[in-house]
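S.K.: Submitted below is the structure of interest, expressed as structure tokens.
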Amino acid sequence: MVFATPPSTWALRNVSLLDPSAGRYTQVRLAPDGNATMIWNAVGVAAGLRLSRCLDDSCRAWSPPATISGVDTNPRFMRMELLAAQPIVVFAAADGRELHAVRCADAACAALGARAALARTEKVRYNDVRLLHNELLVAVSLSNISHPGVELYLLRVNADDLSVRDRSLVARSDVPFGINESTSFPTGGLEAPCLLVGDDGAADVAYWDVVGRRLALVRDAGSPNSTTATVAAASSP
């Protein structure tokens with residue numbers, strides 16, 4: 001196996017312990033001042049959605065990690081965008097049965113500007129988000145009560161009040177999400193959606209079809225002209 005040589009400009013500046021109670025989900029975005037805003041889920045006494053901001057571009061110092069009040073204590077599959085410097089976070093909540101969104105009123109998220117439940121279903125899995133102007137686009141995989149499988153949706157959300165403007169079905173699988181207990185690999189579902197949004201608002205969505213063992217790409221998702229193509233496929237096990 002051959003590995004590409006990293007560019008010579010790459011350098012590890014420092015490694016620091018930010019939060020000993022950190023969980024497994026995290027996201028980092030650069031704020032307009034050039035410093036990173038970090039969110040993650042935490043367990044124990046500080047359980048919930050945590051946030052800290054680097055105080056310099058090397059993150060040698062950071063604001064004390066704080067748990068955002070008014071948010072589910074077990075957030076998962078979280079994604080974040082920044083509206084100016086204000087974080088907007090989308091995540092699975094209510095033990096994975098709801099998709100929630102929160103918009104902070106300030107960069108440090110000392111208060112919430114808005115919060116909403118974007119979807120309620122049997123199981124919320126991965127999501128991806130992109131912010132375009134004042135609209136938040138969300139691709140999310142849901143196990144829907146009305147359908148015996150998994151559905152992948154594209155949501156268009158008002159970034160100010162987090163109201164859902166439009167909801168479009170992108171893809172569907174008849175096999176629900178499941179886990180092989182021996183390998184810990186998924187046995188069904190539409191996993192890890194990834195969004196690419198153009199300046200005109202058109203959205204392409206890529207995802208992994210577990211049963212089909214393929215990486216699929218939906219061009220112009222949510223429109224009457226959408227098309228689906230297989231980018232890559234794995235051979236049968």
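By convention in this document, the chains of the structure tokens carry letters A, B, ... by their order, each chain's residues are numbered from 1, and ligands are numbered from 1 in the order they are shown.
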Compile the contact shell of segment 160-172 of chain A as a PyMOL selection string: residues with an atom at most 10 Å away, counting only C-alpha atoms, same-chain residues fewer than 6 positions apart removed.

M.R.: chain A and resi 83+88+100-103+113-119+134-143+147+149-154+189-190+204-207+209+216+218-223+226-228

S.K.: I need the chosen residues saved as a compact mmCIF listing (two decimals), in the first residue's frame, with N, CA and C atoms.

M.R.:
```
# COMPACT_ATOMS: atom_id res chain seq x y z
N LEU A 83 -23.30 30.89 11.64
CA LEU A 83 -23.98 32.03 11.04
C LEU A 83 -23.31 33.27 11.62
N ILE A 88 -24.75 27.09 14.77
CA ILE A 88 -26.01 26.38 14.56
C ILE A 88 -25.67 24.89 14.55
N HIS A 100 -32.86 17.42 16.23
CA HIS A 100 -32.98 18.75 16.82
C HIS A 100 -32.00 19.72 16.17
N ALA A 101 -32.34 21.01 16.25
CA ALA A 101 -31.43 22.07 15.82
C ALA A 101 -31.47 23.18 16.86
N VAL A 102 -30.31 23.76 17.14
CA VAL A 102 -30.22 24.91 18.03
C VAL A 102 -29.36 25.97 17.36
N ARG A 103 -29.74 27.23 17.53
CA ARG A 103 -28.92 28.35 17.07
C ARG A 103 -28.54 29.18 18.27
N GLY A 113 -30.54 31.33 20.70
CA GLY A 113 -31.38 32.23 19.94
C GLY A 113 -32.63 31.54 19.42
N ALA A 114 -32.53 30.22 19.15
CA ALA A 114 -33.67 29.44 18.67
C ALA A 114 -33.36 27.96 18.84
N ARG A 115 -34.40 27.17 18.94
CA ARG A 115 -34.26 25.72 18.95
C ARG A 115 -35.52 25.10 18.40
N ALA A 116 -35.39 23.92 17.78
CA ALA A 116 -36.55 23.30 17.15
C ALA A 116 -36.28 21.81 16.95
N ALA A 117 -37.38 21.04 16.92
CA ALA A 117 -37.33 19.64 16.52
C ALA A 117 -37.63 19.60 15.02
N LEU A 118 -36.66 19.20 14.22
CA LEU A 118 -36.83 19.18 12.77
C LEU A 118 -37.55 17.93 12.29
N ALA A 119 -37.43 16.82 13.04
CA ALA A 119 -38.09 15.57 12.65
C ALA A 119 -38.25 14.69 13.88
N ASN A 134 -29.08 32.59 4.29
CA ASN A 134 -29.83 32.46 5.54
C ASN A 134 -30.63 31.16 5.58
N GLU A 135 -30.16 30.17 4.82
CA GLU A 135 -30.85 28.89 4.77
C GLU A 135 -29.90 27.77 5.15
N LEU A 136 -30.38 26.89 6.03
CA LEU A 136 -29.62 25.73 6.46
C LEU A 136 -30.16 24.51 5.72
N LEU A 137 -29.29 23.83 5.00
CA LEU A 137 -29.68 22.60 4.31
C LEU A 137 -29.20 21.42 5.13
N VAL A 138 -30.09 20.45 5.35
CA VAL A 138 -29.80 19.30 6.19
C VAL A 138 -30.13 18.03 5.42
N ALA A 139 -29.17 17.14 5.28
CA ALA A 139 -29.41 15.80 4.75
C ALA A 139 -29.37 14.84 5.93
N VAL A 140 -30.41 14.04 6.09
CA VAL A 140 -30.49 13.19 7.28
C VAL A 140 -31.13 11.85 6.93
N SER A 141 -30.60 10.81 7.55
CA SER A 141 -31.11 9.45 7.38
C SER A 141 -32.04 9.12 8.54
N LEU A 142 -33.28 8.72 8.21
CA LEU A 142 -34.30 8.47 9.22
C LEU A 142 -34.92 7.09 9.02
N SER A 143 -35.12 6.37 10.11
CA SER A 143 -35.98 5.19 10.09
C SER A 143 -37.39 5.67 10.39
N HIS A 147 -42.73 3.82 7.12
CA HIS A 147 -42.06 3.06 6.07
C HIS A 147 -41.13 2.03 6.70
N GLY A 149 -38.28 0.70 6.61
CA GLY A 149 -36.92 0.77 6.13
C GLY A 149 -36.28 2.08 6.55
N VAL A 150 -35.50 2.65 5.65
CA VAL A 150 -34.80 3.91 5.92
C VAL A 150 -35.05 4.88 4.78
N GLU A 151 -35.24 6.15 5.15
CA GLU A 151 -35.43 7.19 4.15
C GLU A 151 -34.40 8.30 4.38
N LEU A 152 -33.86 8.81 3.29
CA LEU A 152 -32.90 9.91 3.34
C LEU A 152 -33.59 11.16 2.84
N TYR A 153 -33.60 12.21 3.67
CA TYR A 153 -34.32 13.44 3.35
C TYR A 153 -33.37 14.62 3.22
N LEU A 154 -33.79 15.59 2.43
CA LEU A 154 -33.15 16.90 2.37
C LEU A 154 -34.12 17.92 2.94
N GLY A 189 -29.52 0.24 5.77
CA GLY A 189 -29.64 1.68 5.95
C GLY A 189 -28.93 2.47 4.87
N LEU A 190 -29.08 3.77 4.93
CA LEU A 190 -28.43 4.73 4.04
C LEU A 190 -27.56 5.61 4.93
N ASP A 204 -26.40 18.58 -4.05
CA ASP A 204 -26.07 17.20 -4.39
C ASP A 204 -25.86 16.46 -3.07
N VAL A 205 -26.34 15.21 -3.01
CA VAL A 205 -26.22 14.41 -1.79
C VAL A 205 -25.57 13.07 -2.12
N ALA A 206 -24.46 12.78 -1.47
CA ALA A 206 -23.82 11.47 -1.58
C ALA A 206 -24.11 10.67 -0.31
N TYR A 207 -24.22 9.35 -0.45
CA TYR A 207 -24.48 8.50 0.73
C TYR A 207 -24.02 7.08 0.43
N ASP A 209 -25.00 3.25 0.48
CA ASP A 209 -26.10 2.29 0.48
C ASP A 209 -25.55 0.98 1.03
N ALA A 216 -23.50 6.22 -3.57
CA ALA A 216 -24.42 6.81 -4.53
C ALA A 216 -24.37 8.33 -4.44
N VAL A 218 -26.74 11.69 -5.57
CA VAL A 218 -27.98 12.26 -6.11
C VAL A 218 -27.71 13.69 -6.51
N ARG A 219 -27.78 13.98 -7.80
CA ARG A 219 -27.56 15.33 -8.30
C ARG A 219 -28.86 16.11 -8.25
N ASP A 220 -28.76 17.38 -7.84
CA ASP A 220 -29.92 18.28 -7.77
C ASP A 220 -31.05 17.65 -6.94
N ALA A 221 -30.68 17.20 -5.75
CA ALA A 221 -31.63 16.50 -4.87
C ALA A 221 -32.81 17.39 -4.51
N GLY A 222 -33.98 16.78 -4.47
CA GLY A 222 -35.19 17.50 -4.11
C GLY A 222 -35.87 18.20 -5.26
N SER A 223 -35.30 18.14 -6.46
CA SER A 223 -35.91 18.78 -7.62
C SER A 223 -36.48 17.72 -8.56
N SER A 226 -33.80 15.61 -10.50
CA SER A 226 -32.75 14.90 -9.79
C SER A 226 -32.42 13.57 -10.47
N THR A 227 -31.15 13.20 -10.42
CA THR A 227 -30.68 11.93 -10.97
C THR A 227 -29.77 11.25 -9.96
N THR A 228 -29.73 9.93 -10.00
CA THR A 228 -28.90 9.15 -9.08
C THR A 228 -27.90 8.32 -9.85
```

S.K.: Run DSSP on the backbone and grab whatever in segment 12-231 of chain A lands in strand (DSSP E or B); send it over as a ChimeraX atom specification.

M.R.: /A:22-30,36-42,48-54,62,66-67,76-83,86-93,98-104,112-120,123-132,135-143,150-158,164-173,178-179,186-188,190-197,203-209,214-219,227-231

S.K.: Measuring atom to atom with only C-alpha atoms, identify which of A:Leu82, A:Arg24, A:Glu98, A:Leu17 is nearest to Ala61 of chain A.

M.R.: A:Leu17

S.K.: Just checking: using only C-alpha atoms, which residue out of A:Leu49, A:Leu30, A:Ala36, A:Ala232 ends up closest to Asn74 of chain A?

M.R.: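 Nearest to Asn74 of chain A: A:Leu49.
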
S.K.: Report, in Å with one decimal, the straight-line distance from atom CA of Ser173 of chain A to atom CA of Val157 of chain A.

M.R.: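 So the two atoms, atom CA of Ser173 of chain A and atom CA of Val157 of chain A, lie 24.4 Å apart.
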